[in-house]
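Asker: I'm passing along start_16.txt; it holds compact mmCIF, C-alpha atoms and all ligand atoms.
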# COMPACT_ATOMS: atom_id res chain seq x y z
CA MET B 10 81.26 202.64 126.37
CA LYS B 11 83.11 201.58 129.52
CA ARG B 12 81.63 203.41 132.47
CA ALA B 13 83.65 204.75 135.39
CA TYR B 14 82.04 204.88 138.80
CA PHE B 15 82.75 207.83 141.11
CA ASP B 16 79.77 207.54 143.47
CA ASN B 17 81.11 205.15 146.09
CA ASN B 18 79.61 207.10 148.99
CA ALA B 19 76.18 206.20 147.59
CA SER B 20 77.05 202.52 147.22
CA THR B 21 80.08 200.44 146.33
CA PRO B 22 80.47 197.59 143.86
CA LEU B 23 80.42 194.16 145.45
CA ASP B 24 83.96 192.82 145.85
CA PRO B 25 84.16 189.60 143.75
CA VAL B 26 85.68 187.84 146.79
CA VAL B 27 82.60 188.86 148.81
CA ARG B 28 80.34 187.53 146.09
CA GLU B 29 82.16 184.19 146.13
CA ALA B 30 81.77 183.97 149.91
CA MET B 31 78.03 184.64 149.62
CA LEU B 32 77.19 182.17 146.85
CA PRO B 33 77.08 178.95 148.96
CA TYR B 34 74.56 180.67 151.24
CA LEU B 35 72.30 181.40 148.27
CA ALA B 36 72.49 177.71 147.31
CA ASP B 37 73.29 174.74 149.56
CA HIS B 38 73.54 176.58 152.89
CA PHE B 39 69.97 177.89 152.77
CA GLY B 40 68.93 176.77 156.25
CA ASN B 41 67.43 178.92 158.97
CA PRO B 42 70.14 179.76 161.52
CA SER B 43 67.67 179.06 164.33
CA SER B 44 67.05 175.46 163.19
CA GLY B 45 68.52 172.64 165.25
CA HIS B 46 69.64 170.44 162.33
CA SER B 47 72.79 170.56 160.26
CA PHE B 48 71.32 172.98 157.68
CA GLY B 49 70.62 175.41 160.50
CA GLU B 50 74.05 174.83 161.94
CA LYS B 51 75.75 175.68 158.65
CA ALA B 52 73.81 178.95 158.37
CA ARG B 53 74.42 179.75 162.03
CA TYR B 54 78.13 179.26 161.57
CA GLY B 55 78.10 181.70 158.63
CA VAL B 56 76.28 184.34 160.69
CA GLU B 57 78.56 183.96 163.70
CA GLU B 58 81.72 184.07 161.63
CA ALA B 59 80.46 187.26 160.00
CA ARG B 60 79.67 188.77 163.40
CA SER B 61 83.28 188.15 164.43
CA GLN B 62 84.56 189.75 161.23
CA VAL B 63 82.43 192.87 161.76
CA ALA B 64 83.59 193.02 165.39
CA ALA B 65 87.23 192.70 164.31
CA LEU B 66 86.92 195.74 162.03
CA LEU B 67 85.64 197.73 165.02
CA ASN B 68 87.90 196.07 167.63
CA CYS B 69 85.04 195.03 169.87
CA ALA B 70 83.62 191.75 171.20
CA PRO B 71 81.38 189.88 168.70
CA ASP B 72 78.47 189.75 171.15
CA ARG B 73 78.30 193.56 170.98
CA ILE B 74 77.26 193.42 167.31
CA VAL B 75 73.55 193.42 166.38
CA LEU B 76 73.10 192.50 162.72
CA ASP B 77 70.21 194.08 160.83
CA SER B 78 68.81 195.12 157.47
CA GLY B 79 70.74 198.30 156.71
CA GLY B 80 72.32 201.49 157.94
CA SER B 81 69.00 203.28 158.29
CA GLU B 82 67.61 200.57 160.54
CA ALA B 83 70.77 200.55 162.66
CA ASN B 84 70.64 204.34 163.14
CA ASN B 85 66.94 204.18 164.02
CA ALA B 86 67.59 201.33 166.47
CA ALA B 87 70.31 203.28 168.28
CA ILE B 88 68.08 206.30 168.73
CA VAL B 89 65.08 204.25 169.86
CA SER B 90 67.24 202.26 172.30
CA ALA B 91 68.54 205.41 173.96
CA VAL B 92 65.21 207.19 174.31
CA MET B 93 63.26 204.13 175.45
CA ALA B 94 65.77 203.53 178.23
CA ALA B 95 65.23 206.93 179.83
CA PRO B 96 61.65 208.09 179.24
CA ALA B 97 62.05 211.12 181.51
CA LYS B 98 64.88 212.52 179.39
CA LYS B 99 63.41 214.54 176.54
CA HIS B 100 66.42 216.31 175.07
CA ILE B 101 68.56 214.99 172.20
CA ILE B 102 71.62 216.54 170.59
CA ALA B 103 72.67 215.86 166.99
CA SER B 104 74.08 218.01 164.19
CA GLN B 105 72.60 219.83 161.23
CA VAL B 106 74.60 217.65 158.82
CA GLU B 107 73.52 214.17 159.93
CA HIS B 108 72.17 211.68 157.40
CA ALA B 109 68.41 211.55 156.86
CA SER B 110 68.30 208.20 158.70
CA VAL B 111 69.21 210.11 161.87
CA LEU B 112 67.41 213.39 161.18
CA SER B 113 64.08 211.77 160.25
CA PRO B 114 63.63 209.71 163.44
CA LEU B 115 64.66 212.79 165.43
CA ARG B 116 61.98 214.82 163.63
CA PHE B 117 59.49 212.10 164.55
CA LEU B 118 60.55 212.38 168.19
CA VAL B 119 59.92 216.12 168.08
CA HIS B 120 56.28 215.26 167.28
CA LEU B 121 56.29 213.09 170.41
CA GLY B 122 57.40 216.03 172.54
CA TYR B 123 61.19 215.73 172.42
CA GLU B 124 63.44 218.74 172.14
CA VAL B 125 66.09 218.12 169.49
CA GLU B 126 69.07 220.45 169.31
CA LEU B 127 70.95 220.31 165.99
CA LEU B 128 74.45 221.69 166.40
CA PRO B 129 75.69 223.92 163.56
CA VAL B 130 78.98 223.38 161.72
CA ASP B 131 81.53 225.93 160.56
CA GLU B 132 82.22 226.74 156.89
CA GLN B 133 84.62 223.79 156.69
CA GLY B 134 82.12 221.33 158.19
CA GLY B 135 83.82 221.31 161.58
CA LEU B 136 82.06 220.91 164.90
CA ASP B 137 82.53 223.16 167.94
CA LEU B 138 83.16 220.71 170.79
CA ASP B 139 82.84 223.42 173.47
CA ARG B 140 79.40 224.12 172.13
CA LEU B 141 78.58 220.41 172.34
CA ALA B 142 79.69 220.33 175.97
CA ARG B 143 77.58 223.40 176.76
CA ALA B 144 74.52 221.91 175.03
CA ILE B 145 74.42 218.78 177.23
CA ARG B 146 71.76 218.99 179.96
CA PRO B 147 70.67 216.71 182.81
CA ASP B 148 67.73 215.61 180.62
CA THR B 149 69.82 214.85 177.52
CA ALA B 150 68.97 211.29 176.48
CA LEU B 151 71.43 210.98 173.59
CA VAL B 152 74.13 212.69 171.58
CA SER B 153 74.16 211.48 167.96
CA LEU B 154 77.06 212.71 165.83
CA MET B 155 78.42 211.08 162.70
CA ALA B 156 82.01 209.90 162.32
CA ALA B 157 82.36 211.01 158.69
CA ASN B 158 80.03 213.09 156.59
CA ASN B 159 78.64 211.32 153.54
CA GLU B 160 78.74 214.44 151.36
CA THR B 161 82.02 216.12 152.26
CA GLY B 162 83.90 213.26 153.93
CA VAL B 163 84.72 215.57 156.86
CA LEU B 164 85.74 213.50 159.89
CA TRP B 165 84.85 214.31 163.45
CA ASP B 166 86.94 213.40 166.47
CA LEU B 167 85.06 210.45 168.00
CA ALA B 168 87.52 210.17 170.89
CA ALA B 169 87.01 213.81 171.89
CA ILE B 170 83.23 213.63 171.49
CA SER B 171 82.92 210.40 173.47
CA ALA B 172 85.12 211.85 176.24
CA ILE B 173 82.73 214.80 176.55
CA CYS B 174 79.70 212.50 176.60
CA GLN B 175 81.31 210.23 179.19
CA LYS B 176 82.19 213.18 181.40
CA HIS B 177 78.53 214.26 181.36
CA GLY B 178 77.12 210.73 181.62
CA VAL B 179 75.24 210.95 178.31
CA LEU B 180 74.81 208.13 175.77
CA PHE B 181 76.69 208.70 172.51
CA HIS B 182 75.72 207.27 169.13
CA SER B 183 77.87 207.68 166.05
CA ASP B 184 76.79 206.98 162.49
CA ALA B 185 80.07 205.57 161.17
CA ILE B 186 78.57 204.21 157.97
CA GLN B 187 80.90 206.26 155.76
CA ALA B 188 83.90 205.97 158.05
CA ALA B 189 83.99 202.19 158.49
CA GLY B 190 86.60 200.55 156.32
CA LYS B 191 88.08 203.94 155.36
CA VAL B 192 89.60 205.02 158.67
CA PRO B 193 90.55 202.89 161.70
CA LEU B 194 87.74 202.54 164.25
CA ASP B 195 88.87 201.20 167.62
CA LEU B 196 85.98 200.76 170.01
CA ALA B 197 88.23 199.28 172.69
CA ALA B 198 89.94 202.67 172.88
CA VAL B 199 86.99 204.98 172.12
CA PRO B 200 84.00 204.46 174.40
CA VAL B 201 81.13 205.08 171.98
CA ASP B 202 77.78 203.63 173.20
CA TYR B 203 76.26 202.93 169.78
CA LEU B 204 77.94 202.86 166.39
CA THR B 205 76.52 201.91 163.00
CA VAL B 206 78.16 200.41 159.91
CA ALA B 207 76.62 199.19 156.63
CA GLY B 208 77.76 196.54 154.17
CA HIS B 209 77.11 198.28 150.89
CA LYS B 210 79.44 201.18 151.67
CA LEU B 211 82.46 198.88 151.95
CA HIS B 212 82.02 196.54 148.98
CA GLY B 213 79.53 194.30 150.77
CA PRO B 214 75.90 193.64 149.84
CA LYS B 215 72.98 196.01 150.36
CA GLY B 216 70.57 195.15 153.16
CA SER B 217 73.32 194.26 155.62
CA ALA B 218 74.44 196.39 158.55
CA ALA B 219 75.37 196.32 162.20
CA LEU B 220 74.64 198.27 165.31
CA TYR B 221 77.46 198.09 167.84
CA VAL B 222 76.12 198.37 171.39
CA ARG B 223 78.49 198.94 174.27
CA ARG B 224 78.02 196.46 177.10
CA SER B 225 76.70 199.14 179.46
CA ALA B 226 74.30 200.67 176.90
CA PRO B 227 70.59 199.77 176.80
CA VAL B 228 68.97 198.06 173.78
CA THR B 229 65.33 198.14 172.80
CA PRO B 230 64.58 196.04 169.72
CA LEU B 231 63.14 198.05 166.87
CA VAL B 232 61.93 194.89 165.16
CA MET B 233 60.09 192.69 167.66
CA GLY B 234 59.34 189.02 167.25
CA ALA B 235 61.35 185.90 167.93
CA GLY B 236 64.62 185.87 169.84
CA GLN B 237 67.19 186.32 167.07
CA GLU B 238 70.24 188.46 167.78
CA ASN B 239 69.90 187.62 171.48
CA GLY B 240 66.50 189.29 171.59
CA ARG B 241 67.90 192.53 170.21
CA ARG B 242 66.54 192.31 166.63
CA ALA B 243 63.90 189.84 165.53
CA GLY B 244 63.54 188.21 162.14
CA THR B 245 65.17 185.33 160.28
CA GLU B 246 68.65 186.45 159.36
CA ASN B 247 69.53 187.44 155.79
CA VAL B 248 72.32 184.89 155.95
CA ALA B 249 73.95 185.41 152.52
CA ALA B 250 74.03 189.20 152.99
CA ILE B 251 75.41 188.83 156.51
CA VAL B 252 78.14 186.48 155.31
CA GLY B 253 79.02 188.96 152.56
CA PHE B 254 79.04 191.84 155.04
CA GLY B 255 81.43 189.95 157.30
CA LYS B 256 83.74 189.13 154.41
CA ALA B 257 83.62 192.77 153.27
CA CYS B 258 84.65 193.93 156.76
CA ASP B 259 87.49 191.44 156.76
CA LEU B 260 88.75 192.71 153.41
CA ALA B 261 88.29 196.35 154.41
CA ALA B 262 90.45 195.78 157.48
CA ALA B 263 93.12 194.11 155.36
CA HIS B 264 93.12 196.96 152.82
CA LEU B 265 92.93 199.84 155.28
CA ALA B 266 96.55 201.05 155.11
CA MET B 267 96.73 200.71 151.34
CA TYR B 268 93.31 202.29 150.97
CA HIS B 269 94.37 205.53 152.52
CA ARG B 270 97.58 205.89 150.54
CA ARG B 271 96.31 204.93 147.10
CA VAL B 272 92.84 206.40 147.23
CA ALA B 273 94.02 209.67 148.80
CA ALA B 274 96.62 210.05 146.04
CA LEU B 275 93.95 209.66 143.34
CA ARG B 276 91.53 212.00 145.13
CA ASP B 277 94.26 214.61 145.61
CA ARG B 278 95.14 214.38 141.94
CA ILE B 279 91.56 215.25 140.98
CA GLU B 280 91.47 218.04 143.54
CA THR B 281 94.77 219.60 142.45
CA PHE B 282 93.73 219.43 138.80
CA ILE B 283 90.39 221.12 139.44
CA LEU B 284 91.90 223.96 141.45
CA ALA B 285 94.58 224.53 138.81
CA GLU B 286 92.49 224.14 135.66
CA ILE B 287 88.93 225.18 136.42
CA PRO B 288 88.28 228.76 137.57
CA ALA B 289 85.77 229.58 140.33
CA ALA B 290 85.87 226.14 141.96
CA ARG B 291 85.96 225.50 145.70
CA ILE B 292 86.55 222.31 147.65
CA ASN B 293 84.12 221.99 150.52
CA GLY B 294 85.68 220.78 153.77
CA GLN B 295 89.21 220.94 152.35
CA GLN B 296 90.72 222.39 155.55
CA ARG B 297 89.40 219.56 157.75
CA PRO B 298 90.52 215.98 158.17
CA ARG B 299 88.54 214.11 155.50
CA LEU B 300 87.92 210.63 154.19
CA ALA B 301 90.59 209.80 151.63
CA ASN B 302 88.03 208.88 149.00
CA THR B 303 85.74 211.91 149.06
CA LEU B 304 85.88 215.15 147.11
CA ASN B 305 83.07 217.68 147.38
CA VAL B 306 83.57 220.46 144.87
CA SER B 307 81.40 223.42 143.92
CA PHE B 308 81.66 225.24 140.59
CA ALA B 309 80.23 228.78 140.55
CA GLY B 310 77.48 229.34 138.01
CA CYS B 311 76.91 225.65 137.28
CA SER B 312 73.99 223.29 137.72
CA SER B 313 74.70 219.99 139.50
CA ALA B 314 71.97 218.23 137.53
CA GLN B 315 73.47 219.36 134.21
CA LEU B 316 76.97 218.37 135.26
CA ILE B 317 75.84 214.93 136.41
CA GLN B 318 73.90 214.32 133.19
CA ASP B 319 76.70 215.60 130.98
CA LEU B 320 79.32 213.46 132.73
CA ASP B 321 77.04 210.42 132.75
CA ASP B 322 76.58 210.83 128.97
CA ARG B 323 80.37 210.57 128.70
CA GLY B 324 80.57 207.50 130.97
CA PHE B 325 81.35 209.04 134.38
CA ALA B 326 79.00 208.50 137.32
CA VAL B 327 79.21 211.24 139.96
CA SER B 328 76.58 212.68 142.29
CA ALA B 329 75.60 215.99 143.82
CA HIS B 330 75.00 214.84 147.34
CA SER B 331 73.28 212.02 149.17
CA ALA B 332 71.63 209.51 146.84
CA CYS B 333 68.40 210.03 148.79
CA GLN B 334 68.15 213.56 147.41
CA SER B 335 68.09 214.57 143.75
CA GLY B 336 68.10 217.58 141.49
CA ASP B 337 69.07 221.19 142.04
CA LEU B 338 65.72 222.12 143.54
CA ASP B 339 66.66 220.22 146.66
CA PRO B 340 69.87 221.89 147.93
CA SER B 341 72.07 219.87 150.22
CA HIS B 342 71.36 220.52 153.89
CA VAL B 343 75.06 219.88 154.53
CA LEU B 344 76.25 222.65 152.22
CA LEU B 345 73.55 224.96 153.54
CA ALA B 346 74.77 224.32 157.09
CA MET B 347 78.34 225.06 155.96
CA GLY B 348 77.18 228.35 154.43
CA VAL B 349 78.44 227.55 150.92
CA PRO B 350 77.38 230.58 148.84
CA GLU B 351 74.36 230.03 146.62
CA GLU B 352 76.18 230.57 143.29
CA TYR B 353 78.49 227.70 144.24
CA ARG B 354 76.03 225.47 146.08
CA HIS B 355 73.92 224.71 143.01
CA GLY B 356 76.95 223.54 141.06
CA THR B 357 78.23 220.96 143.52
CA LEU B 358 79.59 217.52 142.71
CA ARG B 359 80.46 214.74 145.11
CA ILE B 360 83.19 212.61 143.59
CA SER B 361 83.79 209.51 145.71
CA LEU B 362 86.39 206.85 144.92
CA SER B 363 87.04 203.33 146.13
CA ARG B 364 89.94 200.90 146.23
CA PHE B 365 88.73 199.69 142.83
CA THR B 366 89.02 203.12 141.19
CA ALA B 367 91.62 202.92 138.40
CA GLU B 368 94.15 205.57 137.51
CA THR B 369 92.87 205.49 133.90
CA GLU B 370 89.35 206.23 135.12
CA VAL B 371 90.69 209.32 136.89
CA ASP B 372 92.51 210.32 133.66
CA GLY B 373 89.19 210.08 131.82
CA LEU B 374 87.30 212.10 134.39
CA LEU B 375 89.90 214.86 134.35
CA ALA B 376 89.70 215.01 130.56
CA ALA B 377 85.90 215.33 130.65
CA LEU B 378 85.39 217.69 133.60
CA PRO B 379 86.56 221.13 132.31
CA SER B 380 84.34 221.01 129.22
CA ALA B 381 81.37 219.77 131.27
CA VAL B 382 81.78 222.76 133.58
CA ARG B 383 82.10 225.12 130.58
CA ARG B 384 78.93 223.73 128.99
CA SER B 385 77.00 224.00 132.24
CA ARG B 386 78.15 227.59 132.72
CA GLN B 387 77.06 228.51 129.19
CA GLY B 388 73.67 226.86 129.60
CA PHE B 389 73.02 227.86 133.16
CA VAL B 390 69.72 229.63 133.68
CA ASP B 391 69.48 231.36 137.03
C1 LIG B 401 76.22 208.53 156.67
C2 LIG B 401 75.13 207.58 156.28
N1 LIG B 401 74.27 207.16 157.21
C3 LIG B 401 73.27 206.31 156.92
C4 LIG B 401 73.09 205.82 155.65
C5 LIG B 401 71.95 204.88 155.36
O1 LIG B 401 72.39 203.59 155.12
P1 LIG B 401 71.47 202.53 154.32
O2 LIG B 401 71.35 203.05 152.94
O3 LIG B 401 72.23 201.24 154.40
O4 LIG B 401 70.16 202.46 155.01
C6 LIG B 401 73.96 206.24 154.64
C7 LIG B 401 73.79 205.75 153.25
O5 LIG B 401 73.52 206.51 152.34
C8 LIG B 401 75.01 207.14 154.96
O6 LIG B 401 75.86 207.59 154.04
Here is the file; what I need is its structure written in the form of structure tokens.
Ligand SMILES: Cc1ncc(COP(=O)(O)O)c(C=O)c1O

Answerer:
Amino acid sequence: MKRAYFDNNASTPLDPVVREAMLPYLADHFGNPSSGHSFGEKARYGVEEARSQVAALLNCAPDRIVLDSGGSEANNAAIVSAVMAAPAKKHIIASQVEHASVLSPLRFLVHLGYEVELLPVDEQGGLDLDRLARAIRPDTALVSLMAANNETGVLWDLAAISAICQKHGVLFHSDAIQAAGKVPLDLAAVPVDYLTVAGHKLHGPKGSAALYVRRSAPVTPLVMGAGQENGRRAGTENVAAIVGFGKACDLAAAHLAMYHRRVAALRDRIETFILAEIPAARINGQQRPRLANTLNVSFAGCSSAQLIQDLDDRGFAVSAHSACQSGDLDPSHVLLAMGVPEEYRHGTLRISLSRFTAETEVDGLLAALPSAVRRSRQGFVD
């Protein structure tokens, strides 16, 4: 059975062009980028070219990019950098719908005596910017708000948020791991202090990511050791992954315009079909600007786990929410924050596409979905 993949917000398939770019660095170009000889030079060149490619996607200077092991590390590093720079400031603002890689370090900081204020969202996943402005205090060390939500795809206005943070003189971090490569990010125009992107969400390899640090923003290395990354992140570079990440950013930038048009058309086709053909379905975040590839849909009286299993049995991979969570017993904190009613919340699917999603795969999913929902409704035990 040919399988169709609709879980691109969890991870994306490696672009074959990215794979090709990586292969020499898994073979002949194995040197340590810090070495003085030609093997080191070859590896160093690969890393620096990748840094420029990541920077080009974000429209920033390459020396503002700190390469590391993944999105979670980059988010952690941004938070640690901000709080270490201002030990007297003990207040942090984020939102209730951030990814676990932001919420968990913030929870840890609460244990260390920090006050963390998690802003609520409305029923469409939108953020109240007046409320953000009112929440900022003289002792606010950081505002951390994501660019695009990984479950609903809802986009927040980075320009407006960074203007508020600038006005109040507060550092602003944005987790743009889902947004990068899907919407334009222009850091020359939008003065974010820290911004994170990860390779495996844009057809690059896992274990590759970047933290953008604005020139005026402080950095405290999370991983300490030798002087790699200009003393901002120690450890011998994962050269092949970094090269792949750079290539993936390059390709994402080249595909950006096409991405939006083609992927949005496929996503909208699924959405229109569901609303027309399946009763008691609601699209979460539909009224907000959203990522073109993401559809978060709840079916009343269904079980997410049953739907996922049923569709997987028929060759379609979808998810309920973040890949870090599983099963119906663990309801999405994002849908809870949006106040999605319980009878809908438990029957939620996140369907996320990519530029590799084929029209025929969408045809197949649409053919399979109504009966999967019917079966789940028949077998649903409250
Ligand atoms: C919005 C968001 N932030 C952070 C992460 C964590 O990235 P990584 O899995 O590379 O650590 C993810 C990935 O699931 C994500 O979707």

Asker: Give me the chain B side of the contact with ligand LIG 401 (chain B), cut-off 9 Å, one line per residue showing its nearest atom pair and distance in Å at one decimal, counting only C-alpha atoms and all ligand atoms, sorted by chain and residue number, as CSV.

Answerer:
residue,atom,partner,partner_atom,distance
B:Asn18,CA,B:LIG401,O6,6.3
B:Ala19,CA,B:LIG401,O5,5.5
B:Ser20,CA,B:LIG401,O5,7.4
B:Ser78,CA,B:LIG401,O3,7.7
B:Gly79,CA,B:LIG401,O3,4.0
B:Gly80,CA,B:LIG401,O1,3.5
B:Ser81,CA,B:LIG401,O4,3.6
B:Glu82,CA,B:LIG401,O4,6.4
B:Ala83,CA,B:LIG401,O4,7.9
B:Asn84,CA,B:LIG401,C3,7.0
B:Glu107,CA,B:LIG401,C1,7.1
B:His108,CA,B:LIG401,N1,5.0
B:Ala109,CA,B:LIG401,C3,7.1
B:Ser110,CA,B:LIG401,C3,5.6
B:Val111,CA,B:LIG401,C3,7.4
B:Met155,CA,B:LIG401,C1,6.9
B:Ala156,CA,B:LIG401,C1,8.2
B:Ala157,CA,B:LIG401,C1,6.9
B:Asn158,CA,B:LIG401,C1,5.9
B:Asn159,CA,B:LIG401,O6,4.7
B:Glu160,CA,B:LIG401,O6,7.9
B:Asp184,CA,B:LIG401,N1,5.9
B:Ala185,CA,B:LIG401,C1,6.6
B:Ile186,CA,B:LIG401,C1,5.1
B:Gln187,CA,B:LIG401,C1,5.3
B:Ala188,CA,B:LIG401,C1,8.2
B:Thr205,CA,B:LIG401,N1,8.1
B:Val206,CA,B:LIG401,O3,8.1
B:Ala207,CA,B:LIG401,O3,5.3
B:Gly208,CA,B:LIG401,O3,7.3
B:His209,CA,B:LIG401,O3,6.7
B:Lys210,CA,B:LIG401,C7,7.4
B:Lys215,CA,B:LIG401,O3,6.7
B:Gly216,CA,B:LIG401,O3,6.4
B:Ser217,CA,B:LIG401,O3,7.2
B:Ala218,CA,B:LIG401,O3,6.8
B:Ser331,CA,B:LIG401,O5,6.4
B:Ala332,CA,B:LIG401,O5,6.5
B:Cys333,CA,B:LIG401,O5,7.2

Asker: Between atom CA of B:Met10 and atom CA of B:Ala285, what is the spacing in Å?

Answerer: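 Atom-to-atom, atom CA of B:Ala285 to atom CA of B:Met10, that is 28.5 Å.
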
Asker: List the neighbours of B:Arg242 out to 9 Å using only C-alpha atoms; skip same-chain residues closer than 4 positions along the sequence, and give me the result as a short mmCIF file (atom, residue, chain, number, x, y, z; two decimals) with C-alpha atoms, in the coordinates of the input.

Answerer:
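Below is the file that was written, result-v4.cif:
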data_model
loop_
_atom_site.label_atom_id
_atom_site.label_comp_id
_atom_site.auth_asym_id
_atom_site.auth_seq_id
_atom_site.Cartn_x
_atom_site.Cartn_y
_atom_site.Cartn_z
CA VAL B 75 73.55 193.42 166.38
CA LEU B 76 73.10 192.50 162.72
CA ASP B 77 70.21 194.08 160.83
CA THR B 229 65.33 198.14 172.80
CA PRO B 230 64.58 196.04 169.72
CA LEU B 231 63.14 198.05 166.87
CA VAL B 232 61.93 194.89 165.16
CA MET B 233 60.09 192.69 167.66
CA GLY B 234 59.34 189.02 167.25
CA ALA B 235 61.35 185.90 167.93
CA GLY B 236 64.62 185.87 169.84
CA GLN B 237 67.19 186.32 167.07
CA GLU B 238 70.24 188.46 167.78
#

Asker: List every residue of stretch 228-262 of chain B that has an atom at most 7 Å from any atom of stretch 50-74 of chain B, and for each one report the closest atom pair and its distance in Å to one decimal, counting all atoms listed in the file, with rows sorted by chain and then by increasing residue number, as a Markdown table.

Answerer:
| residue | atom | partner | partner_atom | distance |
| --- | --- | --- | --- | --- |
| B:Val248 | CA | B:Val56 | CA | 6.2 |
| B:Ile251 | CA | B:Val56 | CA | 6.2 |
| B:Val252 | CA | B:Ala59 | CA | 5.3 |
| B:Phe254 | CA | B:Ala59 | CA | 6.9 |
| B:Gly255 | CA | B:Ala59 | CA | 3.9 |
| B:Lys256 | CA | B:Ala59 | CA | 6.7 |
| B:Cys258 | CA | B:Val63 | CA | 5.6 |
| B:Asp259 | CA | B:Gln62 | CA | 5.6 |
| B:Ala262 | CA | B:Leu66 | CA | 5.8 |

Asker: Quick check, in Å to one decimal: how far apart do atom CA of B:Ser104 and atom CA of B:Pro200 lie?

Answerer: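 About the pair atom CA of B:Ser104 and atom CA of B:Pro200: they are 19.7 Å apart.
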
Asker: Hey, which of B:Val163, B:Leu358, B:Leu345, B:Ala144 ends up closest to B:Val125? Count only C-alpha atoms.

Answerer: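 Ranking B:Val163, B:Leu358, B:Leu345, B:Ala144 by distance to B:Val125, first place goes to B:Ala144.
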
Asker: From the options B:Glu351, B:Ala326, B:Tyr268, B:Ala142, which residue's atoms come nearest to B:Phe365, counting all atoms listed in the file?

Answerer: B:Tyr268

Asker: For the atom pair atom CA of B:His264 and atom CA of B:Gly324, what is the interatomic distance in Å to one decimal place?

Answerer: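 These atoms are spaced 27.3 Å apart.
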
Asker: May I ask which of the residues B:Arg297, B:Arg323, B:Arg140, B:His342 is the closest one to B:Trp165, counting all atoms listed in the file?

Answerer: B:Arg297

Asker: Pick from B:Val306, B:Ala36, B:Met31, B:Ile88: nearest to B:Ile283, with only C-alpha atoms counted?

Answerer: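 Looking at the shortest contact to B:Ile283, the residue is B:Val306.
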
Asker: Could you give me, as a PyMOL selection string, the residues within 8 Å of B:Gly253, counting all atoms listed in the file and dropping anything in the same chain fewer than 4 positions from it?

Answerer: chain B and resi 27-28+30-31+59+208+213-214+249+257

Asker: Write a file of the selected residues as a PDB file, in the coordinates of the input, keeping C-alpha atoms.

Answerer:
ATOM      1  CA  VAL B  27      82.600 188.860 148.810  1.00  0.00           C
ATOM      2  CA  ARG B  28      80.340 187.530 146.090  1.00  0.00           C
ATOM      3  CA  ALA B  30      81.770 183.970 149.910  1.00  0.00           C
ATOM      4  CA  MET B  31      78.030 184.640 149.620  1.00  0.00           C
ATOM      5  CA  ALA B  59      80.460 187.260 160.000  1.00  0.00           C
ATOM      6  CA  GLY B 208      77.760 196.540 154.170  1.00  0.00           C
ATOM      7  CA  GLY B 213      79.530 194.300 150.770  1.00  0.00           C
ATOM      8  CA  PRO B 214      75.900 193.640 149.840  1.00  0.00           C
ATOM      9  CA  ALA B 249      73.950 185.410 152.520  1.00  0.00           C
ATOM     10  CA  ALA B 257      83.620 192.770 153.270  1.00  0.00           C
TER      11      ALA B 257
END

Asker: If we count all atoms listed in the file and set the cut-off at 9 Å, which residues sit around B:Gly356, ignoring sequence neighbours fewer than 5 positions away in its own chain? Please answer as number ranges by chain.

Answerer: B: 306-316, 329, 337, 351, 382, 385

Asker: Have a look at B:Ile287, B:Phe15, B:Ala172, B:Pro340 and name the one nearest to B:Val327; count all atoms listed in the file.

Answerer: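 Looking only at the distances to B:Val327, the closest residue turns out to be B:Phe15.
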
Asker: For a quick check of understanding, using all atoms listed in the file, which of B:Gln318, B:Asn293, B:Thr366, B:Thr161 has the smallest distance to B:Ala381?

Answerer: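 Result for the nearest residue to B:Ala381: B:Gln318.
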
Asker: If I put a ball of radius 6 Å at (76.3, 208.4, 169.2) in the file's coordinates, which residues poke into it when counting only C-alpha atoms, written as a VMD selection string?

Answerer: chain B and resid 152 to 154 181 to 183 203

Asker: I'd like the box whose edges run along x, y and z of the file and which contains every listed atom of stretch 100-114 of chain B, padded by 3 Å per side; could you state its centre and edge lengths in Å, one decimal, as lines of an AutoDock Vina configuration file?

Answerer:
center_x = 69.1
center_y = 214.0
center_z = 166.0
size_x = 17.0
size_y = 17.6
size_z = 24.2

Asker: For B:Thr149, please output as an MDAnalysis selection string all residues within 9 Å (counting only C-alpha atoms; exclusion window: fewer than 4 positions along the same chain).

Answerer: chainID B and resid 98:102 144:145 179:180
